[in-house]
file model_20.csv (CSV, C-alpha atoms)
chain,number,residue,atom,x,y,z
A,1,MET,CA,87.5,104.7,71.9
A,2,ARG,CA,90.0,102.0,71.2
A,3,VAL,CA,93.7,102.7,71.5
A,4,SER,CA,95.8,101.4,68.7
A,5,ALA,CA,99.5,100.8,68.3
A,6,GLN,CA,99.6,103.8,65.9
A,7,ASP,CA,98.1,106.0,68.6
A,8,ILE,CA,101.0,105.1,70.9
A,9,ARG,CA,103.5,105.8,68.2
A,10,ASP,CA,101.8,109.2,67.6
A,11,ALA,CA,102.0,109.8,71.3
A,12,ALA,CA,105.7,109.1,71.3
A,13,THR,CA,106.2,111.8,68.6
A,14,LEU,CA,104.2,114.3,70.7
A,15,LEU,CA,106.2,113.5,73.8
A,16,ALA,CA,109.6,114.0,72.2
A,17,GLY,CA,111.2,116.8,74.1
A,18,ASN,CA,108.4,117.0,76.7
A,19,VAL,CA,109.4,113.9,78.7
A,20,ILE,CA,112.7,112.0,79.1
A,21,ARG,CA,113.4,108.9,77.1
A,22,THR,CA,114.5,107.0,80.1
A,23,PRO,CA,117.3,104.5,80.1
A,24,MET,CA,116.8,100.7,79.8
A,25,VAL,CA,119.8,99.1,81.4
A,26,GLU,CA,120.9,95.6,82.2
A,27,SER,CA,121.4,94.7,85.8
A,28,PRO,CA,124.1,92.0,86.1
A,29,LEU,CA,124.0,91.7,89.9
A,30,LEU,CA,120.2,91.4,90.0
A,31,SER,CA,120.4,88.9,87.1
A,32,ARG,CA,122.8,86.7,89.0
A,33,GLN,CA,120.7,86.9,92.1
A,34,LEU,CA,117.4,86.2,90.4
A,35,GLY,CA,118.5,83.6,87.8
A,36,CYS,CA,117.4,85.5,84.7
A,37,GLU,CA,118.6,88.4,82.5
A,38,VAL,CA,117.1,91.5,84.1
A,39,PHE,CA,116.7,94.8,82.1
A,40,VAL,CA,115.2,97.6,84.0
A,41,LYS,CA,113.3,100.5,82.4
A,42,LEU,CA,114.1,103.4,84.7
A,43,GLU,CA,110.9,105.5,84.7
A,44,CYS,CA,112.0,106.5,88.3
A,45,GLN,CA,114.3,108.9,86.4
A,46,GLN,CA,111.5,110.5,84.5
A,47,TYR,CA,110.3,114.0,85.1
A,48,THR,CA,108.6,114.0,88.5
A,49,SER,CA,110.2,110.5,89.0
A,50,SER,CA,107.5,108.4,87.4
A,51,PHE,CA,106.0,107.3,84.1
A,52,LYS,CA,102.9,109.4,84.9
A,53,ALA,CA,104.5,112.4,83.2
A,54,ARG,CA,103.8,110.7,79.8
A,55,GLY,CA,100.1,110.1,80.0
A,56,ALA,CA,99.4,113.4,81.8
A,57,TYR,CA,101.0,115.4,79.0
A,58,VAL,CA,99.2,113.6,76.2
A,59,ALA,CA,95.8,114.1,77.9
A,60,MET,CA,96.4,117.7,78.8
A,61,PHE,CA,97.7,118.6,75.3
A,62,SER,CA,94.4,117.4,73.9
A,63,LEU,CA,92.4,120.0,75.9
A,64,ASP,CA,90.7,122.8,74.0
A,65,LYS,CA,91.2,126.5,74.9
A,66,ALA,CA,88.1,126.7,77.2
A,67,GLN,CA,89.1,123.6,79.1
A,68,ARG,CA,92.6,125.0,79.6
A,69,GLU,CA,91.3,128.3,80.9
A,70,LYS,CA,89.0,126.7,83.5
A,71,GLY,CA,91.6,124.2,84.6
A,72,VAL,CA,92.1,120.5,85.3
A,73,ILE,CA,91.6,118.3,88.3
A,74,ALA,CA,93.2,114.9,89.2
A,75,MET,CA,93.0,112.4,91.9
A,76,SER,CA,96.3,110.7,92.8
A,77,ALA,CA,98.3,109.1,95.6
A,78,GLY,CA,101.2,111.2,94.4
A,79,ASN,CA,102.8,110.3,91.1
A,80,HIS,CA,99.9,111.3,88.8
A,81,ALA,CA,99.4,114.3,91.0
A,82,GLN,CA,102.9,115.6,90.4
A,83,ALA,CA,102.8,114.8,86.7
A,84,VAL,CA,99.6,116.8,86.2
A,85,ALA,CA,100.9,119.7,88.4
A,86,TYR,CA,104.2,119.8,86.6
A,87,HIS,CA,102.7,120.0,83.1
A,88,ALA,CA,100.0,122.3,84.3
A,89,GLU,CA,102.6,124.8,85.5
A,90,ARG,CA,104.5,124.5,82.2
A,91,MET,CA,101.3,124.9,80.1
A,92,GLY,CA,99.8,127.7,82.2
A,93,ILE,CA,96.7,125.6,83.2
A,94,PRO,CA,95.2,125.9,86.7
A,95,ALA,CA,95.3,122.5,88.5
A,96,VAL,CA,93.6,121.1,91.5
A,97,ILE,CA,94.9,117.8,92.9
A,98,VAL,CA,92.8,115.6,95.3
A,99,MET,CA,95.1,113.2,97.2
A,100,PRO,CA,94.4,110.6,99.9
A,101,SER,CA,94.9,111.9,103.4
A,102,GLN,CA,97.5,109.3,104.0
A,103,THR,CA,99.8,110.4,101.1
A,104,PRO,CA,103.4,110.8,102.3
A,105,PHE,CA,104.3,114.4,103.2
A,106,ALA,CA,107.1,114.5,100.6
A,107,LYS,CA,104.7,113.8,97.7
A,108,VAL,CA,102.2,116.5,98.9
A,109,THR,CA,105.0,119.0,99.3
A,110,ARG,CA,106.4,118.3,95.8
A,111,THR,CA,102.9,118.6,94.2
A,112,ARG,CA,102.3,121.9,95.9
A,113,SER,CA,105.7,123.1,94.7
A,114,TYR,CA,104.5,123.1,91.1
A,115,GLY,CA,101.8,125.6,92.0
A,116,ALA,CA,98.8,123.1,92.2
A,117,GLU,CA,96.0,123.4,94.8
A,118,VAL,CA,96.1,120.3,96.9
A,119,VAL,CA,93.0,118.8,98.6
A,120,LEU,CA,93.6,115.9,101.0
A,121,GLU,CA,90.5,113.6,101.3
A,122,GLY,CA,89.9,109.9,102.0
A,123,ARG,CA,92.2,107.0,102.6
A,124,ASN,CA,92.7,105.9,99.0
A,125,LEU,CA,92.0,106.9,95.4
A,126,ASN,CA,88.5,105.6,95.3
A,127,GLU,CA,87.5,107.5,98.4
A,128,CYS,CA,88.6,110.7,96.6
A,129,GLU,CA,86.0,110.3,93.8
A,130,ASN,CA,83.1,112.2,95.5
A,131,THR,CA,85.3,115.2,96.3
A,132,VAL,CA,86.6,115.2,92.7
A,133,GLN,CA,83.0,115.2,91.3
A,134,LYS,CA,81.9,118.0,93.5
A,135,LEU,CA,84.8,120.2,92.5
A,136,ILE,CA,84.1,119.5,88.8
A,137,GLU,CA,80.5,120.6,89.2
A,138,GLU,CA,81.4,123.7,91.1
A,139,ARG,CA,84.3,124.9,89.0
A,140,GLY,CA,83.9,123.3,85.6
A,141,LEU,CA,87.2,121.6,85.8
A,142,THR,CA,88.3,118.8,83.4
A,143,LEU,CA,89.3,115.5,85.0
A,144,ILE,CA,92.6,114.1,84.0
A,145,HIS,CA,92.0,110.5,85.3
A,146,PRO,CA,95.1,108.6,86.4
A,147,TYR,CA,94.4,105.6,84.3
A,148,ASP,CA,90.8,105.4,83.0
A,149,ASN,CA,91.5,107.7,80.0
A,150,THR,CA,92.5,106.7,76.5
A,151,LYS,CA,94.8,109.6,76.1
A,152,VAL,CA,96.6,108.7,79.3
A,153,MET,CA,96.9,105.1,78.2
A,154,GLN,CA,98.4,106.2,74.9
A,155,GLY,CA,101.1,108.2,76.7
A,156,GLN,CA,101.9,105.4,79.1
A,157,GLY,CA,102.2,102.9,76.2
A,158,THR,CA,105.3,104.8,75.0
A,159,VAL,CA,107.2,103.1,77.8
A,160,GLY,CA,106.7,99.8,76.1
A,161,LEU,CA,107.5,101.2,72.7
A,162,GLU,CA,110.9,102.4,74.0
A,163,MET,CA,111.6,99.1,75.8
A,164,LEU,CA,111.2,97.0,72.7
A,165,GLU,CA,113.0,99.5,70.5
A,166,ASP,CA,116.0,99.3,72.8
A,167,HIS,CA,115.8,95.6,73.4
A,168,PRO,CA,113.6,93.9,70.7
A,169,ASP,CA,114.7,90.4,71.8
A,170,LEU,CA,113.1,90.4,75.3
A,171,ASP,CA,111.3,87.2,76.2
A,172,MET,CA,109.0,88.8,78.8
A,173,LEU,CA,107.7,92.1,80.1
A,174,VAL,CA,106.8,92.6,83.8
A,175,VAL,CA,104.7,95.7,84.6
A,176,PRO,CA,103.1,96.9,87.8
A,177,ILE,CA,99.3,97.3,87.7
A,178,GLY,CA,97.2,99.7,89.7
A,179,GLY,CA,94.3,100.9,87.5
A,180,GLY,CA,95.9,99.5,84.4
A,181,GLY,CA,96.9,102.6,82.3
A,182,LEU,CA,100.6,101.6,82.1
A,183,MET,CA,100.0,98.0,81.5
A,184,GLY,CA,97.2,98.6,79.1
A,185,GLY,CA,99.3,100.9,76.9
A,186,ILE,CA,102.4,98.7,77.1
A,187,SER,CA,100.4,95.6,76.2
A,188,ILE,CA,98.9,97.2,73.1
A,189,ILE,CA,102.2,98.2,71.6
A,190,ALA,CA,104.0,95.1,72.7
A,191,ARG,CA,101.4,92.8,71.0
A,192,ASP,CA,101.9,94.8,67.8
A,193,MET,CA,105.7,94.7,67.9
A,194,ARG,CA,106.2,91.3,69.4
A,195,PRO,CA,103.0,89.2,69.2
A,196,ASP,CA,104.7,86.2,70.9
A,197,ILE,CA,106.2,88.1,73.9
A,198,LYS,CA,105.0,87.1,77.4
A,199,ILE,CA,103.4,89.9,79.3
A,200,TYR,CA,102.9,89.7,83.1
A,201,GLY,CA,101.3,92.2,85.4
A,202,VAL,CA,102.0,92.6,89.1
A,203,GLN,CA,99.7,93.5,92.0
A,204,THR,CA,100.0,93.3,95.7
A,205,GLU,CA,98.2,90.6,97.7
A,206,ALA,CA,96.3,93.4,99.5
A,207,TYR,CA,95.0,95.0,96.3
A,208,PRO,CA,94.5,92.3,93.6
A,209,SER,CA,91.7,94.3,92.0
A,210,MET,CA,92.7,93.8,88.3
A,211,LYS,CA,93.5,90.1,88.8
A,212,LEU,CA,90.1,89.5,90.4
A,213,ALA,CA,88.3,91.6,87.7
A,214,VAL,CA,89.9,89.6,84.9
A,215,ALA,CA,88.9,86.4,86.6
A,216,GLY,CA,85.3,87.6,86.9
A,217,GLN,CA,85.4,87.5,90.7
A,218,ASP,CA,84.1,89.9,93.3
A,219,ILE,CA,86.8,92.5,94.2
A,220,VAL,CA,87.8,92.4,97.8
A,221,CYS,CA,90.9,94.4,98.8
A,222,GLY,CA,92.2,96.9,101.3
A,223,GLY,CA,94.7,97.5,104.0
A,224,GLU,CA,98.2,99.1,104.3
A,225,THR,CA,100.8,98.4,101.6
A,226,LEU,CA,104.2,99.6,100.8
A,227,ALA,CA,103.0,99.9,97.2
A,228,GLU,CA,100.4,102.6,97.7
A,229,GLY,CA,100.9,103.8,94.1
A,230,ILE,CA,99.1,100.6,92.8
A,231,ALA,CA,96.7,100.3,95.7
A,232,VAL,CA,93.6,100.7,93.5
A,233,LYS,CA,90.3,99.1,94.5
A,234,LYS,CA,88.6,99.5,91.2
A,235,PRO,CA,90.3,98.8,87.8
A,236,GLY,CA,89.6,101.1,84.9
A,237,GLY,CA,86.7,100.5,82.6
A,238,VAL,CA,88.9,101.5,79.6
A,239,THR,CA,91.9,99.4,80.8
A,240,LEU,CA,90.2,96.2,81.9
A,241,PRO,CA,89.2,94.8,78.5
A,242,VAL,CA,92.7,95.7,77.1
A,243,ILE,CA,94.4,93.7,79.9
A,244,GLU,CA,92.0,90.8,79.6
A,245,LYS,CA,92.9,90.5,75.9
A,246,ASN,CA,96.7,91.1,76.0
A,247,VAL,CA,98.1,90.1,79.4
A,248,ASP,CA,99.2,86.5,80.0
A,249,ASP,CA,98.8,86.6,83.8
A,250,ILE,CA,98.8,88.9,86.8
A,251,LEU,CA,101.1,87.9,89.6
A,252,LEU,CA,100.7,88.8,93.3
A,253,VAL,CA,103.5,89.8,95.7
A,254,ASN,CA,103.5,90.3,99.4
A,255,GLU,CA,104.9,93.1,101.6
A,256,GLN,CA,108.1,91.3,102.4
A,257,GLN,CA,108.8,90.7,98.8
A,258,LEU,CA,108.2,94.4,98.0
A,259,GLU,CA,110.6,95.4,100.8
A,260,TRP,CA,113.2,93.0,99.5
A,261,ALA,CA,112.8,94.5,96.0
A,262,VAL,CA,113.2,98.1,97.1
A,263,GLY,CA,116.3,97.2,99.0
A,264,ALA,CA,117.8,95.1,96.2
A,265,LEU,CA,117.4,97.9,93.7
A,266,ILE,CA,119.3,100.2,96.0
A,267,GLU,CA,122.1,97.7,96.8
A,268,GLN,CA,122.5,95.9,93.5
A,269,GLN,CA,121.6,98.7,90.9
A,270,ARG,CA,121.9,102.0,92.9
A,271,VAL,CA,118.3,102.7,91.9
A,272,VAL,CA,115.8,104.4,94.2
A,273,SER,CA,112.3,103.0,93.8
A,274,GLU,CA,109.1,103.3,95.6
A,275,GLY,CA,107.2,100.2,96.6
A,276,ALA,CA,105.0,100.2,93.5
A,277,GLY,CA,108.0,100.9,91.3
A,278,ALA,CA,109.8,97.8,92.6
A,279,ALA,CA,106.8,95.5,92.2
A,280,GLY,CA,108.2,93.9,89.0
A,281,ILE,CA,111.4,93.0,90.8
A,282,ALA,CA,109.4,91.6,93.7
A,283,ALA,CA,107.6,89.3,91.2
A,284,LEU,CA,110.9,88.0,89.8
A,285,TYR,CA,112.0,87.3,93.4
A,286,ALA,CA,108.6,85.6,94.3
A,287,TYR,CA,108.3,83.4,91.1
A,288,PRO,CA,111.9,82.4,90.2
A,289,GLU,CA,110.9,79.3,88.3
A,290,MET,CA,108.7,81.3,85.9
A,291,PHE,CA,111.5,83.6,84.8
A,292,ALA,CA,114.5,81.3,85.1
A,293,GLY,CA,116.9,81.8,82.1
A,294,LYS,CA,114.7,84.3,80.4
A,295,LYS,CA,115.5,87.8,79.2
A,296,VAL,CA,113.1,90.0,81.2
A,297,GLY,CA,112.2,93.7,80.8
A,298,VAL,CA,110.9,95.2,84.1
A,299,VAL,CA,109.4,98.7,84.4
A,300,ILE,CA,110.6,100.5,87.5
A,301,CYS,CA,107.7,102.8,87.3
A,302,GLY,CA,108.3,105.3,90.1
A,303,GLY,CA,110.9,106.6,92.6
A,304,ASN,CA,108.9,108.8,94.9
A,305,ILE,CA,109.5,107.1,98.2
A,306,ASP,CA,109.5,108.8,101.6
A,307,PRO,CA,113.2,109.0,102.8
A,308,ARG,CA,112.4,107.7,106.3
A,309,LEU,CA,110.5,104.8,104.9
A,310,LEU,CA,113.4,104.0,102.6
A,311,ALA,CA,115.8,104.1,105.5
A,312,SER,CA,113.6,101.7,107.5
A,313,ILE,CA,113.3,99.3,104.6
A,314,LEU,CA,117.1,99.1,104.1
A,315,ASN,CA,117.7,98.5,107.8
A,316,ARG,CA,115.0,95.8,108.0
A,317,ASN,CA,116.4,94.1,104.9
A,318,MET,CA,119.9,94.1,106.5
A,319,ALA,CA,118.4,92.5,109.7
A,320,SER,CA,116.4,89.9,107.7
A,321,ASP,CA,119.5,88.6,106.0
A,322,GLY,CA,121.7,88.7,109.0
A,323,ARG,CA,123.9,91.7,108.2
A,324,VAL,CA,122.6,93.5,111.2
A,325,ALA,CA,121.8,91.5,114.3
A,326,ARG,CA,120.7,92.2,117.9
A,327,LEU,CA,122.2,90.1,120.6
A,328,ARG,CA,121.1,89.9,124.3
A,329,ILE,CA,123.9,88.9,126.6
A,330,ASP,CA,123.5,88.1,130.3
A,331,ILE,CA,126.4,89.3,132.5
A,332,SER,CA,127.3,89.7,136.1
A,333,ASP,CA,127.5,93.4,137.0
A,334,GLU,CA,131.2,93.7,137.7
A,335,PRO,CA,134.2,95.4,136.0
A,336,GLY,CA,135.5,94.0,132.8
A,337,MET,CA,132.4,92.3,131.5
A,338,LEU,CA,131.7,94.9,128.7
A,339,ALA,CA,135.3,94.8,127.7
A,340,ALA,CA,135.2,91.0,127.3
A,341,ILE,CA,132.1,91.2,125.2
A,342,THR,CA,133.5,93.9,122.8
A,343,ALA,CA,136.8,91.9,122.6
A,344,SER,CA,134.9,88.8,121.5
A,345,ILE,CA,132.8,90.6,118.9
A,346,GLY,CA,135.9,92.4,117.6
A,347,ARG,CA,137.9,89.1,117.5
A,348,CYS,CA,135.3,87.7,115.1
A,349,GLY,CA,135.3,90.7,112.9
A,350,GLY,CA,131.9,92.1,113.9
A,351,ASN,CA,131.3,95.8,114.0
A,352,ILE,CA,129.3,97.2,117.0
A,353,ILE,CA,126.7,99.7,115.9
A,354,GLU,CA,125.0,100.3,119.2
A,355,ILE,CA,125.3,98.8,122.7
A,356,TYR,CA,122.9,99.1,125.7
A,357,HIS,CA,123.9,98.3,129.2
A,358,GLN,CA,120.6,97.5,131.0
A,359,ARG,CA,120.4,97.3,134.8
A,360,LEU,CA,117.1,98.9,135.7
A,361,PHE,CA,114.4,97.6,133.4
A,362,PHE,CA,114.7,93.8,133.5
A,363,ASP,CA,113.4,91.3,136.1
A,364,VAL,CA,116.9,90.2,137.1
A,365,PRO,CA,118.8,90.1,140.4
A,366,ALA,CA,120.5,93.3,141.4
A,367,LYS,CA,124.0,92.0,140.8
A,368,LEU,CA,123.2,90.9,137.2
A,369,ALA,CA,122.6,92.9,134.1
A,370,LYS,CA,122.0,92.4,130.4
A,371,ILE,CA,123.8,93.8,127.4
A,372,ASP,CA,121.9,94.5,124.1
A,373,ALA,CA,124.4,94.7,121.3
A,374,VAL,CA,123.4,95.8,117.7
A,375,ILE,CA,126.2,94.5,115.4
A,376,GLU,CA,127.0,94.6,111.7
A,377,THR,CA,128.1,91.3,110.2
A,378,ARG,CA,128.7,89.6,106.9
A,379,GLY,CA,125.5,87.5,107.2
A,380,THR,CA,123.8,84.7,109.2
A,381,GLU,CA,126.9,82.4,109.4
A,382,HIS,CA,129.0,85.3,110.7
A,383,VAL,CA,126.3,85.9,113.4
A,384,LYS,CA,126.6,82.3,114.5
A,385,GLU,CA,130.4,82.6,114.7
A,386,ILE,CA,130.1,85.6,117.0
A,387,ILE,CA,127.5,83.9,119.2
A,388,ASP,CA,129.6,80.8,119.5
A,389,ASP,CA,132.7,82.8,120.5
A,390,LEU,CA,130.7,84.7,123.2
A,391,ARG,CA,129.4,81.4,124.5
A,392,GLN,CA,132.9,80.0,124.6
A,393,ALA,CA,133.7,83.0,126.8
A,394,ASN,CA,131.0,81.8,129.2
A,395,PHE,CA,128.3,84.3,128.3
A,396,THR,CA,124.7,83.5,127.9
A,397,VAL,CA,123.6,84.8,124.5
A,398,ARG,CA,120.5,84.9,122.3
A,399,GLN,CA,119.6,86.7,119.1
A,400,LEU,CA,116.6,88.9,119.2
A,401,ASP,CA,114.1,89.4,116.3
A,402,ASP,CA,112.2,92.6,115.6
A,403,ALA,CA,109.3,91.6,117.8
A,404,ASP,CA,111.4,90.5,120.8
A,405,ASN,CA,112.2,93.4,123.0
A,406,SER,CA,111.9,91.8,126.4

call {"tool": "encode", "arguments": {"input": "model_20.csv", "output": "structure tokens"}}
result
Amino acid sequence: MRVSAQDIRDAATLLAGNVIRTPMVESPLLSRQLGCEVFVKLECQQYTSSFKARGAYVAMFSLDKAQREKGVIAMSAGNHAQAVAYHAERMGIPAVIVMPSQTPFAKVTRTRSYGAEVVLEGRNLNECENTVQKLIEERGLTLIHPYDNTKVMQGQGTVGLEMLEDHPDLDMLVVPIGGGGLMGGISIIARDMRPDIKIYGVQTEAYPSMKLAVAGQDIVCGGETLAEGIAVKKPGGVTLPVIEKNVDDILLVNEQQLEWAVGALIEQQRVVSEGAGAAGIAALYAYPEMFAGKKVGVVICGGNIDPRLLASILNRNMASDGRVARLRIDISDEPGMLAAITASIGRCGGNIIEIYHQRLFFDVPAKLAKIDAVIETRGTEHVKEIIDDLRQANFTVRQLDDADNS
């Protein structure tokens, strides 16, 4: 069944009061940094912190009485899982969620908190399929597919409807793609409302499944990625022809660009996004010439990131742009050396976060030692200033990178 723009408008009417009409806000700091006018659609503030609440509700509302009584099943890395579990609890429908075994604990816990039965199986969504089929046959459950479902695509398309209602003069839309439900729905309504608008999808270099499928190439993908929410090996049969028809191009981003985007959203917009949710911002960062001077709407499609991973990303981003640096300083093991080092760093305005005085674990003479200092700075030029001051004080200094611990 084809999905029409009117189907998406009808879905918006159905969803009124059952999901949040999320804000679409301008980001002046990101705009200045990226060289274009950036407007972010904050689906990370949706119920269950992702756009998936839209499609899940539309699909589950369409079930008949017998289907509701037997229950539903979904396979998801987390966001679709939580959406189905959330609406199932509200609608009184039993729910079974099959999740990859590598799904972050926080997502598993939240899914179970809605009362759903969680089954952990496989390393990614596609490896969950056999388990899902077995449970359908055993229990008569109805599958609520995360993307290969016309009702789901109708619901997801309401994101684009709201974006263009709020900002009808956008030049471009940038949307993350996993299986294609979000992009498929958005592209249908966008082509109806603004036939001339440019529409770009975003995938990771590790999982370019939709890009390869559109190009008619063999799909080869796999590996670890920060954007596990769009780490899909097989695009949807329902979504592929829609994206082939409506989307101008699919851009690929790497892991470093995703990390930068997650950090930039926190620092510049105070928005918490998971890796998949930040993929659109990563694309603006990766392809600045394509978006220069344009008015760009970007979907921040999810905010379910593990807190420990988020902390690691923020620290790594600070290290990559020089705001946190590790210095190794050779000293003679005598009184006053540590005081001289801290005086030099303080004189330059650096802030010492941690300091390690190493005597036992380096291949150095007994009367020598090494100091490892982790310092907070204003950036790379400030790091150079501190290193120069230490060297003028007759210390041997070098800056360590993340891989250099010896």

call {"tool": "atom_distance", "arguments": {"input": "model_20.csv", "atom1": "CA of Gly350 in chain A", "atom2": "CA of Met337 in chain A"}}
result
17.6 Å

call {"tool": "residues_around", "arguments": {"input": "model_20.csv", "residues": "Gly236 in chain A", "least_positions_apart": "4", "cutoff": "12 Å", "atoms": "all atoms listed in the file", "output": "PyMOL selection string"}}
result
chain A and resi 126+145-150+152-153+177-184+209-210+213-214+232+240-244

call {"tool": "closest_residue", "arguments": {"input": "model_20.csv", "among": "A:Glu274, A:Asp372, A:Glu224, A:Glu89", "to": "Ser49 in chain A", "atoms": "only C-alpha atoms"}}
result
A:Glu274

call {"tool": "residues_around", "arguments": {"input": "model_20.csv", "residues": "Cys301 in chain A", "least_positions_apart": "3", "cutoff": "12 Å", "atoms": "only C-alpha atoms", "output": "VMD selection string"}}
result
chain A and resid 22 24 40 to 54 79 to 80 156 159 to 160 174 to 178 181 to 183 202 227 229 to 230 271 to 281 298 304 to 305

call {"tool": "closest_residue", "arguments": {"input": "model_20.csv", "among": "A:Ala311, A:Val374, A:Ala56, A:Leu368", "to": "Gly155 in chain A", "atoms": "all atoms listed in the file"}}
result
A:Ala56

call {"tool": "residues_around", "arguments": {"input": "model_20.csv", "residues": "Leu310 in chain A", "least_positions_apart": "3", "cutoff": "12 Å", "atoms": "all atoms listed in the file", "output": "list in words"}}
result
Leu226, Leu258, Glu259, Trp260, Ala261, Val262, Gly263, Ala264, Leu265, Ile266, Val271, Val272, Ser273, Glu274, Gly275, Gly303, Asn304, Ile305, Asp306, Pro307, Ile313, Leu314, Asn315, Arg316 and Asn317 of chain A

call {"tool": "atom_distance", "arguments": {"input": "model_20.csv", "atom1": "CA of Ile352 in chain A", "atom2": "CA of Val324 in chain A"}}
result
9.6 Å

call {"tool": "closest_residue", "arguments": {"input": "model_20.csv", "among": "A:Gly223, A:Gly216, A:Gly185, A:Pro100", "to": "Val238 in chain A", "atoms": "all atoms listed in the file"}}
result
A:Gly185

call {"tool": "closest_residue", "arguments": {"input": "model_20.csv", "among": "A:Gln358, A:Leu135, A:Glu26, A:Asp7", "to": "Ile189 in chain A", "atoms": "only C-alpha atoms"}}
result
A:Asp7

call {"tool": "closest_residue", "arguments": {"input": "model_20.csv", "among": "A:Gly157, A:Pro288, A:Gly349, A:Gly71", "to": "Leu143 in chain A", "atoms": "only C-alpha atoms"}}
result
A:Gly71

call {"tool": "closest_residue", "arguments": {"input": "model_20.csv", "among": "A:Glu385, A:Glu37, A:Glu255, A:Asp248", "to": "His167 in chain A", "atoms": "only C-alpha atoms"}}
result
A:Glu37

call {"tool": "residues_near_point", "arguments": {"input": "model_20.csv", "point": "(92.4, 97.6, 95.4)", "cutoff": "6 Å", "atoms": "all atoms listed in the file", "output": "ChimeraX atom specification"}}
result
/A:207-209,221-222,231-234

call {"tool": "atom_distance", "arguments": {"input": "model_20.csv", "atom1": "CA of Ala286 in chain A", "atom2": "CA of Gln257 in chain A"}}
result
6.8 Å

call {"tool": "residues_near_point", "arguments": {"input": "model_20.csv", "point": "(103.7, 123.0, 98.0)", "cutoff": "12 Å", "atoms": "only C-alpha atoms", "output": "number ranges by chain"}}
result
A: 81-82, 85-86, 97, 105-119

call {"tool": "write_last_selection", "arguments": {"input": "model_20.csv", "atoms": "C-alpha atoms", "output": "PDB file, keeping the file's coordinate frame"}}
result
ATOM      1  CA  ALA A  81      99.400 114.300  91.000  1.00  0.00           C
ATOM      2  CA  GLN A  82     102.900 115.600  90.400  1.00  0.00           C
ATOM      3  CA  ALA A  85     100.900 119.700  88.400  1.00  0.00           C
ATOM      4  CA  TYR A  86     104.200 119.800  86.600  1.00  0.00           C
ATOM      5  CA  ILE A  97      94.900 117.800  92.900  1.00  0.00           C
ATOM      6  CA  PHE A 105     104.300 114.400 103.200  1.00  0.00           C
ATOM      7  CA  ALA A 106     107.100 114.500 100.600  1.00  0.00           C
ATOM      8  CA  LYS A 107     104.700 113.800  97.700  1.00  0.00           C
ATOM      9  CA  VAL A 108     102.200 116.500  98.900  1.00  0.00           C
ATOM     10  CA  THR A 109     105.000 119.000  99.300  1.00  0.00           C
ATOM     11  CA  ARG A 110     106.400 118.300  95.800  1.00  0.00           C
ATOM     12  CA  THR A 111     102.900 118.600  94.200  1.00  0.00           C
ATOM     13  CA  ARG A 112     102.300 121.900  95.900  1.00  0.00           C
ATOM     14  CA  SER A 113     105.700 123.100  94.700  1.00  0.00           C
ATOM     15  CA  TYR A 114     104.500 123.100  91.100  1.00  0.00           C
ATOM     16  CA  GLY A 115     101.800 125.600  92.000  1.00  0.00           C
ATOM     17  CA  ALA A 116      98.800 123.100  92.200  1.00  0.00           C
ATOM     18  CA  GLU A 117      96.000 123.400  94.800  1.00  0.00           C
ATOM     19  CA  VAL A 118      96.100 120.300  96.900  1.00  0.00           C
ATOM     20  CA  VAL A 119      93.000 118.800  98.600  1.00  0.00           C
TER      21      VAL A 119
END
